[in-house]
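The structure file data.cif is reproduced below (mmCIF, C-alpha atoms).
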data_entry
loop_
_atom_site.group_PDB
_atom_site.id
_atom_site.type_symbol
_atom_site.label_atom_id
_atom_site.label_comp_id
_atom_site.auth_asym_id
_atom_site.auth_seq_id
_atom_site.Cartn_x
_atom_site.Cartn_y
_atom_site.Cartn_z
ATOM 1 C CA MET A 1 105.083 60.508 139.906
ATOM 2 C CA VAL A 2 105.558 58.447 136.758
ATOM 3 C CA SER A 3 105.699 54.717 137.425
ATOM 4 C CA SER A 4 108.361 52.499 135.883
ATOM 5 C CA ASP A 5 105.682 50.815 133.773
ATOM 6 C CA GLN A 6 104.463 54.160 132.431
ATOM 7 C CA ARG A 7 108.061 55.159 131.713
ATOM 8 C CA ARG A 8 108.647 51.945 129.732
ATOM 9 C CA ARG A 9 105.534 52.614 127.687
ATOM 10 C CA GLN A 10 106.618 56.189 127.066
ATOM 11 C CA LEU A 11 110.048 55.025 125.901
ATOM 12 C CA ALA A 12 108.444 52.401 123.659
ATOM 13 C CA ARG A 13 106.251 55.036 122.024
ATOM 14 C CA GLU A 14 109.197 57.388 121.549
ATOM 15 C CA LYS A 15 111.218 54.602 119.905
ATOM 16 C CA PHE A 16 108.235 53.793 117.716
ATOM 17 C CA GLU A 17 107.988 57.431 116.571
ATOM 18 C CA ARG A 18 111.710 57.555 115.787
ATOM 19 C CA GLN A 19 111.463 54.348 113.791
ATOM 20 C CA GLN A 20 108.549 55.689 111.737
ATOM 21 C CA GLN A 21 110.479 58.899 111.073
ATOM 22 C CA ARG A 22 113.483 56.917 109.834
ATOM 23 C CA ARG A 23 111.244 54.861 107.565
ATOM 24 C CA GLU A 24 109.635 57.961 106.073
ATOM 25 C CA GLU A 25 113.070 59.479 105.465
ATOM 26 C CA ALA A 26 114.137 56.227 103.780
ATOM 27 C CA ARG A 27 111.079 56.307 101.539
ATOM 28 C CA ARG A 28 111.813 59.906 100.541
ATOM 29 C CA ARG A 29 115.409 58.976 99.701
ATOM 30 C CA THR A 30 114.149 56.067 97.621
ATOM 31 C CA ARG A 31 111.707 58.277 95.723
ATOM 32 C CA ARG A 32 114.427 60.845 95.036
ATOM 33 C CA LEU A 33 116.802 58.126 93.864
ATOM 34 C CA THR A 34 114.159 56.701 91.549
ATOM 35 C CA VAL A 35 113.509 60.114 89.967
ATOM 36 C CA ILE A 36 117.229 60.728 89.448
ATOM 37 C CA ILE A 37 117.765 57.341 87.852
ATOM 38 C CA ALA A 38 114.649 57.669 85.711
ATOM 39 C CA SER A 39 115.855 60.955 84.292
ATOM 40 C CA ALA A 40 119.348 59.655 83.564
ATOM 41 C CA VAL A 41 118.718 56.101 82.403
ATOM 42 C CA ALA A 42 115.999 55.047 79.970
ATOM 43 C CA VAL A 43 116.065 51.388 80.937
ATOM 44 C CA VAL A 44 113.008 50.334 82.909
ATOM 45 C CA ALA A 45 114.562 47.130 84.196
ATOM 46 C CA VAL A 46 117.501 48.993 85.683
ATOM 47 C CA ILE A 47 115.223 51.529 87.347
ATOM 48 C CA GLY A 48 113.095 48.785 88.873
ATOM 49 C CA GLY A 49 116.157 46.905 90.115
ATOM 50 C CA VAL A 50 117.706 49.907 91.810
ATOM 51 C CA THR A 51 114.402 50.904 93.402
ATOM 52 C CA TYR A 52 113.978 47.445 94.847
ATOM 53 C CA VAL A 53 117.483 47.326 96.332
ATOM 54 C CA ALA A 54 117.199 50.804 97.854
ATOM 55 C CA THR A 55 113.830 50.059 99.437
ATOM 56 C CA GLY A 56 114.915 46.681 100.746
ATOM 57 C CA ASP A 57 118.044 48.127 102.336
ATOM 58 C CA ASP A 58 116.341 51.080 104.022
ATOM 59 C CA ASP A 59 113.086 49.459 105.093
ATOM 60 C CA GLY A 60 114.226 45.889 105.544
ATOM 61 C CA LYS A 61 117.745 45.630 106.947
ATOM 62 C CA LYS A 62 117.380 48.678 109.172
ATOM 63 C CA ASP A 63 114.158 47.327 110.681
ATOM 64 C CA THR A 64 115.911 44.062 111.522
ATOM 65 C CA THR A 65 118.725 45.952 113.212
ATOM 66 C CA ASP A 66 116.323 48.162 115.149
ATOM 67 C CA ALA A 67 113.952 45.375 116.182
ATOM 68 C CA ALA A 68 115.324 45.085 119.695
ATOM 69 C CA ALA A 69 115.107 48.853 120.163
ATOM 70 C CA SER A 70 111.466 49.242 119.190
ATOM 71 C CA ALA A 71 108.202 48.010 120.631
ATOM 72 C CA SER A 72 105.615 48.561 117.910
ATOM 73 C CA PRO A 73 103.526 46.211 115.748
ATOM 74 C CA SER A 74 104.964 47.714 112.583
ATOM 75 C CA ALA A 75 105.113 46.372 109.060
ATOM 76 C CA SER A 76 107.354 47.847 106.374
ATOM 77 C CA PRO A 77 106.301 46.682 102.918
ATOM 78 C CA SER A 78 108.093 48.309 100.019
ATOM 79 C CA ALA A 79 106.369 50.606 97.534
ATOM 80 C CA SER A 80 105.847 47.627 95.237
ATOM 81 C CA GLU A 81 103.475 46.119 97.814
ATOM 82 C CA LYS A 82 100.821 48.641 96.710
ATOM 83 C CA SER A 83 100.786 47.610 93.063
ATOM 84 C CA ALA A 84 97.805 45.230 93.187
ATOM 85 C CA PRO A 85 94.138 45.994 93.901
ATOM 86 C CA GLU A 86 92.410 44.888 97.077
ATOM 87 C CA PRO A 87 90.444 41.621 96.611
ATOM 88 C CA ALA A 88 86.842 41.991 95.484
ATOM 89 C CA MET A 89 84.361 41.819 98.350
ATOM 90 C CA LYS A 90 82.959 38.271 98.506
ATOM 91 C CA ILE A 91 82.210 37.615 102.171
ATOM 92 C CA ASP A 92 78.908 37.961 103.974
ATOM 93 C CA LYS A 93 79.271 41.286 105.778
ATOM 94 C CA LYS A 94 76.722 40.265 108.390
ATOM 95 C CA ALA A 95 78.527 37.066 109.369
ATOM 96 C CA LYS A 96 81.415 36.091 111.612
ATOM 97 C CA TYR A 97 84.377 34.103 110.367
ATOM 98 C CA THR A 98 86.981 31.981 112.128
ATOM 99 C CA LEU A 99 90.600 32.003 111.032
ATOM 100 C CA SER A 100 92.394 28.829 112.124
ATOM 101 C CA LEU A 101 96.173 28.488 112.074
ATOM 102 C CA LYS A 102 97.946 25.173 112.397
ATOM 103 C CA THR A 103 101.349 26.006 113.845
ATOM 104 C CA SER A 104 104.403 24.284 115.261
ATOM 105 C CA GLN A 105 103.292 25.537 118.700
ATOM 106 C CA GLY A 106 99.725 24.273 118.487
ATOM 107 C CA ASP A 107 96.508 25.464 116.886
ATOM 108 C CA ILE A 108 95.663 29.162 117.106
ATOM 109 C CA ALA A 109 92.233 30.439 116.108
ATOM 110 C CA PHE A 110 90.374 33.715 116.278
ATOM 111 C CA THR A 111 86.970 35.057 115.302
ATOM 112 C CA MET A 112 86.565 37.947 112.858
ATOM 113 C CA ASN A 113 83.442 40.126 112.848
ATOM 114 C CA ALA A 114 82.821 41.002 109.210
ATOM 115 C CA ALA A 115 80.199 43.595 110.123
ATOM 116 C CA LYS A 116 82.838 45.699 111.860
ATOM 117 C CA THR A 117 85.872 44.902 109.698
ATOM 118 C CA PRO A 118 84.597 43.767 106.278
ATOM 119 C CA HIS A 119 87.695 44.732 104.289
ATOM 120 C CA THR A 120 90.029 43.015 106.735
ATOM 121 C CA ALA A 121 87.948 39.853 107.034
ATOM 122 C CA ASN A 122 87.495 39.657 103.269
ATOM 123 C CA SER A 123 91.228 40.100 102.678
ATOM 124 C CA PHE A 124 92.157 37.384 105.157
ATOM 125 C CA LYS A 125 89.694 34.928 103.665
ATOM 126 C CA SER A 126 90.968 35.667 100.176
ATOM 127 C CA LEU A 127 94.597 35.184 101.257
ATOM 128 C CA ALA A 128 93.906 32.038 103.276
ATOM 129 C CA ASP A 129 91.931 30.490 100.414
ATOM 130 C CA LYS A 130 94.997 30.980 98.196
ATOM 131 C CA GLY A 131 97.344 29.399 100.737
ATOM 132 C CA PHE A 132 99.152 32.711 101.260
ATOM 133 C CA PHE A 133 99.941 32.065 104.939
ATOM 134 C CA ASP A 134 100.880 28.401 104.510
ATOM 135 C CA GLY A 135 104.588 27.856 105.117
ATOM 136 C CA THR A 136 105.118 31.268 106.745
ATOM 137 C CA LYS A 137 106.239 32.007 110.293
ATOM 138 C CA CYS A 138 105.448 34.418 113.095
ATOM 139 C CA HIS A 139 108.605 36.477 112.828
ATOM 140 C CA ARG A 140 108.421 38.784 115.810
ATOM 141 C CA LEU A 141 107.696 38.652 119.543
ATOM 142 C CA THR A 142 107.735 41.578 121.979
ATOM 143 C CA THR A 143 108.008 41.030 125.722
ATOM 144 C CA GLN A 144 108.427 44.568 127.054
ATOM 145 C CA GLY A 145 106.320 47.701 126.619
ATOM 146 C CA ILE A 146 103.799 45.806 124.507
ATOM 147 C CA PHE A 147 103.146 42.081 124.414
ATOM 148 C CA VAL A 148 102.423 40.764 120.947
ATOM 149 C CA LEU A 149 103.303 37.980 118.536
ATOM 150 C CA GLN A 150 103.457 39.247 114.950
ATOM 151 C CA CYS A 151 102.728 37.030 111.950
ATOM 152 C CA GLY A 152 101.592 37.167 108.332
ATOM 153 C CA ASP A 153 104.795 38.171 106.531
ATOM 154 C CA PRO A 154 105.659 35.881 103.598
ATOM 155 C CA LYS A 155 109.278 37.121 103.735
ATOM 156 C CA GLY A 156 109.629 36.476 107.458
ATOM 157 C CA ASP A 157 111.527 39.698 108.149
ATOM 158 C CA GLY A 158 108.809 42.316 108.592
ATOM 159 C CA THR A 159 108.998 43.741 105.058
ATOM 160 C CA GLY A 160 106.579 41.499 103.156
ATOM 161 C CA GLY A 161 102.941 41.797 102.216
ATOM 162 C CA PRO A 162 100.256 40.632 99.782
ATOM 163 C CA GLY A 163 100.919 43.243 97.090
ATOM 164 C CA TYR A 164 98.089 45.554 98.153
ATOM 165 C CA THR A 165 96.896 47.508 101.190
ATOM 166 C CA ILE A 166 93.517 47.673 102.926
ATOM 167 C CA PRO A 167 91.782 50.525 104.757
ATOM 168 C CA ASP A 168 91.845 50.896 108.526
ATOM 169 C CA GLU A 169 88.642 49.799 110.244
ATOM 170 C CA ASN A 170 87.034 49.693 113.683
ATOM 171 C CA LEU A 171 89.607 52.086 115.203
ATOM 172 C CA THR A 172 87.158 53.438 117.807
ATOM 173 C CA ALA A 173 86.261 49.986 119.130
ATOM 174 C CA LEU A 174 88.664 50.164 122.065
ATOM 175 C CA GLY A 175 87.531 53.555 123.286
ATOM 176 C CA LYS A 176 88.931 57.056 123.290
ATOM 177 C CA ALA A 177 92.666 57.505 123.660
ATOM 178 C CA GLY A 178 93.881 58.687 127.062
ATOM 179 C CA LYS A 179 96.160 61.623 127.770
ATOM 180 C CA ASP A 180 99.109 59.486 126.719
ATOM 181 C CA GLY A 181 97.570 58.952 123.274
ATOM 182 C CA THR A 182 96.978 55.233 123.763
ATOM 183 C CA VAL A 183 94.187 52.747 124.366
ATOM 184 C CA THR A 184 94.392 49.271 125.828
ATOM 185 C CA TYR A 185 94.452 46.387 123.368
ATOM 186 C CA PRO A 186 93.231 43.596 125.673
ATOM 187 C CA ALA A 187 94.846 40.182 125.816
ATOM 188 C CA GLY A 188 93.232 38.020 123.157
ATOM 189 C CA THR A 189 92.907 40.838 120.620
ATOM 190 C CA VAL A 190 94.100 40.320 117.055
ATOM 191 C CA ALA A 191 94.950 43.502 115.132
ATOM 192 C CA MET A 192 96.587 44.641 111.900
ATOM 193 C CA ALA A 193 100.191 45.789 111.770
ATOM 194 C CA ASN A 194 100.953 48.763 109.538
ATOM 195 C CA THR A 195 103.741 51.113 108.468
ATOM 196 C CA GLY A 196 102.728 53.842 110.909
ATOM 197 C CA GLN A 197 100.692 55.584 108.197
ATOM 198 C CA ALA A 198 96.929 55.365 107.730
ATOM 199 C CA HIS A 199 95.467 52.609 105.548
ATOM 200 C CA THR A 200 98.725 50.677 105.083
ATOM 201 C CA GLY A 201 97.684 47.282 106.442
ATOM 202 C CA GLY A 202 98.483 44.278 104.276
ATOM 203 C CA SER A 203 98.856 40.723 105.539
ATOM 204 C CA GLN A 204 100.825 41.237 108.766
ATOM 205 C CA PHE A 205 98.870 40.993 112.000
ATOM 206 C CA PHE A 206 99.636 40.690 115.698
ATOM 207 C CA LEU A 207 98.245 38.580 118.514
ATOM 208 C CA VAL A 208 98.050 40.343 121.891
ATOM 209 C CA TYR A 209 98.852 37.929 124.729
ATOM 210 C CA LYS A 210 98.862 40.502 127.546
ATOM 211 C CA ASP A 211 97.065 43.853 127.833
ATOM 212 C CA SER A 212 99.089 46.361 125.796
ATOM 213 C CA LYS A 213 98.909 50.148 125.511
ATOM 214 C CA LEU A 214 99.110 51.356 121.907
ATOM 215 C CA PRO A 215 97.847 54.269 119.814
ATOM 216 C CA PRO A 216 94.378 53.441 118.381
ATOM 217 C CA THR A 217 95.770 53.195 114.847
ATOM 218 C CA TYR A 218 95.878 49.411 114.454
ATOM 219 C CA THR A 219 92.680 47.781 113.195
ATOM 220 C CA PRO A 220 91.372 45.381 115.876
ATOM 221 C CA PHE A 221 89.624 42.716 113.837
ATOM 222 C CA GLY A 222 89.693 39.445 115.779
ATOM 223 C CA THR A 223 89.476 37.778 119.167
ATOM 224 C CA MET A 224 91.325 34.599 120.130
ATOM 225 C CA ASP A 225 89.571 31.794 121.955
ATOM 226 C CA GLU A 226 90.853 30.805 125.402
ATOM 227 C CA ALA A 227 92.971 27.867 124.220
ATOM 228 C CA SER A 228 94.618 29.988 121.526
ATOM 229 C CA LEU A 229 95.421 32.782 123.967
ATOM 230 C CA LYS A 230 97.094 30.262 126.278
ATOM 231 C CA ALA A 231 99.157 28.949 123.371
ATOM 232 C CA VAL A 232 100.391 32.464 122.545
ATOM 233 C CA GLU A 233 101.031 33.201 126.238
ATOM 234 C CA THR A 234 103.277 30.143 126.352
ATOM 235 C CA ILE A 235 105.210 31.427 123.343
ATOM 236 C CA GLY A 236 105.533 34.799 125.052
ATOM 237 C CA LYS A 237 106.778 33.315 128.320
ATOM 238 C CA ALA A 238 109.535 31.443 126.463
ATOM 239 C CA GLY A 239 110.869 34.813 125.339
ATOM 240 C CA VAL A 240 112.887 36.066 122.408
ATOM 241 C CA THR A 241 115.862 34.380 120.794
ATOM 242 C CA GLY A 242 119.053 35.724 122.374
ATOM 243 C CA GLY A 243 117.236 37.121 125.398
ATOM 244 C CA ALA A 244 116.204 40.454 123.847
ATOM 245 C CA ALA A 245 112.819 42.045 124.463
ATOM 246 C CA ASP A 246 111.919 42.228 120.774
ATOM 247 C CA GLY A 247 112.815 39.802 118.023
ATOM 248 C CA ALA A 248 112.265 36.276 116.753
ATOM 249 C CA PRO A 249 110.429 34.100 119.293
ATOM 250 C CA LYS A 250 112.567 31.479 121.004
ATOM 251 C CA LYS A 251 109.783 28.972 120.364
ATOM 252 C CA ALA A 252 109.643 29.120 116.567
ATOM 253 C CA VAL A 253 106.080 29.527 115.311
ATOM 254 C CA ASN A 254 105.781 28.051 111.826
ATOM 255 C CA ILE A 255 102.359 28.134 110.157
ATOM 256 C CA SER A 256 101.676 25.024 108.109
ATOM 257 C CA LYS A 257 98.067 25.788 107.226
ATOM 258 C CA ALA A 258 95.632 28.698 107.517
ATOM 259 C CA ALA A 259 91.925 28.468 106.821
ATOM 260 C CA VAL A 260 88.979 30.838 107.129
ATOM 261 C CA ASP A 261 85.490 29.452 107.618
ATOM 262 C CA LYS A 262 82.127 30.997 108.374
ATOM 263 C CA ALA A 263 81.485 30.767 112.109
#

Starting from the file, give its structure as structure tokens.
Amino acid sequence: MVSSDQRRRQLAREKFERQQQRREEARRRTRRLTVIIASAVAVVAVIGGVTYVATGDDDGKKDTTDAAASASPSASPSASEKSAPEPAMKIDKKAKYTLSLKTSQGDIAFTMNAAKTPHTANSFKSLADKGFFDGTKCHRLTTQGIFVLQCGDPKGDGTGGPGYTIPDENLTALGKAGKDGTVTYPAGTVAMANTGQAHTGGSQFFLVYKDSKLPPTYTPFGTMDEASLKAVETIGKAGVTGGAADGAPKKAVNISKAAVDKA
């Protein structure tokens, strides 16, 4: 007999798959539109403008509408987010680093193991050193199916990124997927959000405040300390604005400063 908890997880995964399918269809429509416009109009500025609007409408507004119907740590950067190269590797791959966030709901910190996730740790240090996360907010909280607080989007709506993507890493760290295709991301885990496709992580990440079952496709790259986990648990207990199970956290989490230091 399937328990109610297993049924909720199954429904969450099914919603996640439908959302990813809609996004892929939107991307195909955008690519087709771009080709049509490019062949008919020889004005680069016009082509770029139309592409931007089409992508923003399909991948941005729809995601906001569907937020309450989906439980997945997804990120939907537009095609333009892949225009820049990944930062040059500058960290010590044998070291550990601590990312500290000063937020309106207290300090949140987690440790990154560069040996296991060098690209992710290097990217976060590069972004933090530039002040990329300063003045951003954690835009999404889920309180059913999975239990995560999602942050790292400069746009604050789930569609932003740093202008580049990084490869997936450390995907086997949480063990082999079960018959349901998931592994447990333990409370305290910090992992990368993505578009549902491989190697599409950017700057968005999620903080797990309660054990959550997810496909092993999200790079687990950090672990919160006890005080930070309690801070995120408190945010989770307060719930989502409007009483939904997925959306903006009722306790607004605004990041004033992010810093990465060698542990």

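Separating atom CA of A:Ala109 from atom CA of A:Lys93 is a distance of 19.8 Å.
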
If the box runs along x, y and z of the file and leaves 8 Å on each side of stretch 123-139 of chain A, what are its centre and edge lengths in Å, one decimal, as lines of an AutoDock Vina configuration file?
center_x = 99.1
center_y = 34.0
center_z = 105.6
size_x = 34.9
size_y = 28.2
size_z = 30.9

Exercise for the section: Output the residue selection produced by the PyMOL selection byres ((chain A and resi 150) around 9) on the file above, formatted as an MDAnalysis selection string. Expected result: chainID A and resid 73:74 138:142 148:149 151:153 158 193 204:208

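The shortest atom-to-atom distance to A:Val240, with only C-alpha atoms taken into account, belongs to A:Thr143 out of A:Thr143, A:Gln10, A:Asn254, A:Thr117.
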
Exercise for the section: Determine the residue membership of the PyMOL selection byres ((chain A and resi 101) around 7) for the file above and supply it as a PyMOL selection string. Expected result: chain A and resi 99-100+102-103+107-109+255+257-259

Problem - Contacts of stretch 177-190 of chain A at 8 Å (only C-alpha atoms; same-chain gap of 4+ positions) as a PyMOL selection string - result: chain A and resi 110+205-216+220-226+229

Problem - Å distance separating atom CA of A:Arg7 from atom CA of A:Ala244, one decimal place - result: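 These atoms are spaced 18.6 Å apart.
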
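Distances from A:Leu174, A:Ala84, A:Met89, A:Ala252 to A:Pro118 were compared using only C-alpha atoms, and the smallest one belongs to A:Met89.
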
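With atom CA of A:Gly161 on one side and atom CA of A:Gly201 on the other, the separation reads 8.7 Å.
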
Exercise for the section: Enumerate, as a ChimeraX atom specification, the protein, DNA and RNA residues whose atoms approach (83.9, 30.5, 107.7) to within 8 Å, taking into account all atoms listed in the file and the coordinate frame of the file. Expected result: /A:96-99,260-263

Problem - Output check: residues returned by the PyMOL selection byres ((chain A and resi 154) around 8), as a list of chain:residue names - result: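 Applying the PyMOL selection byres ((chain A and resi 154) around 8) to the structure shown produces A:Phe132, A:Phe133, A:Thr136, A:Lys137, A:Gly152, A:Asp153, A:Lys155, A:Gly156, A:Gly160, A:Gly161.
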
Written file, previous selection with C-alpha atoms, as an mmCIF file, in the coordinates of the input:
data_model
loop_
_atom_site.group_PDB
_atom_site.id
_atom_site.type_symbol
_atom_site.label_atom_id
_atom_site.label_comp_id
_atom_site.auth_asym_id
_atom_site.auth_seq_id
_atom_site.Cartn_x
_atom_site.Cartn_y
_atom_site.Cartn_z
ATOM 1 C CA PHE A 132 99.152 32.711 101.260
ATOM 2 C CA PHE A 133 99.941 32.065 104.939
ATOM 3 C CA THR A 136 105.118 31.268 106.745
ATOM 4 C CA LYS A 137 106.239 32.007 110.293
ATOM 5 C CA GLY A 152 101.592 37.167 108.332
ATOM 6 C CA ASP A 153 104.795 38.171 106.531
ATOM 7 C CA LYS A 155 109.278 37.121 103.735
ATOM 8 C CA GLY A 156 109.629 36.476 107.458
ATOM 9 C CA GLY A 160 106.579 41.499 103.156
ATOM 10 C CA GLY A 161 102.941 41.797 102.216
#

Practice task
Find the spatial neighbours of A:His199, counting all atoms listed in the file, within a cut-off of 8 Å - ignore same-chain residues fewer than 5 positions away - and output them as a list in words.
Solution key: Thr165, Ile166, Pro167, Asp168 and Asn194 of chain A
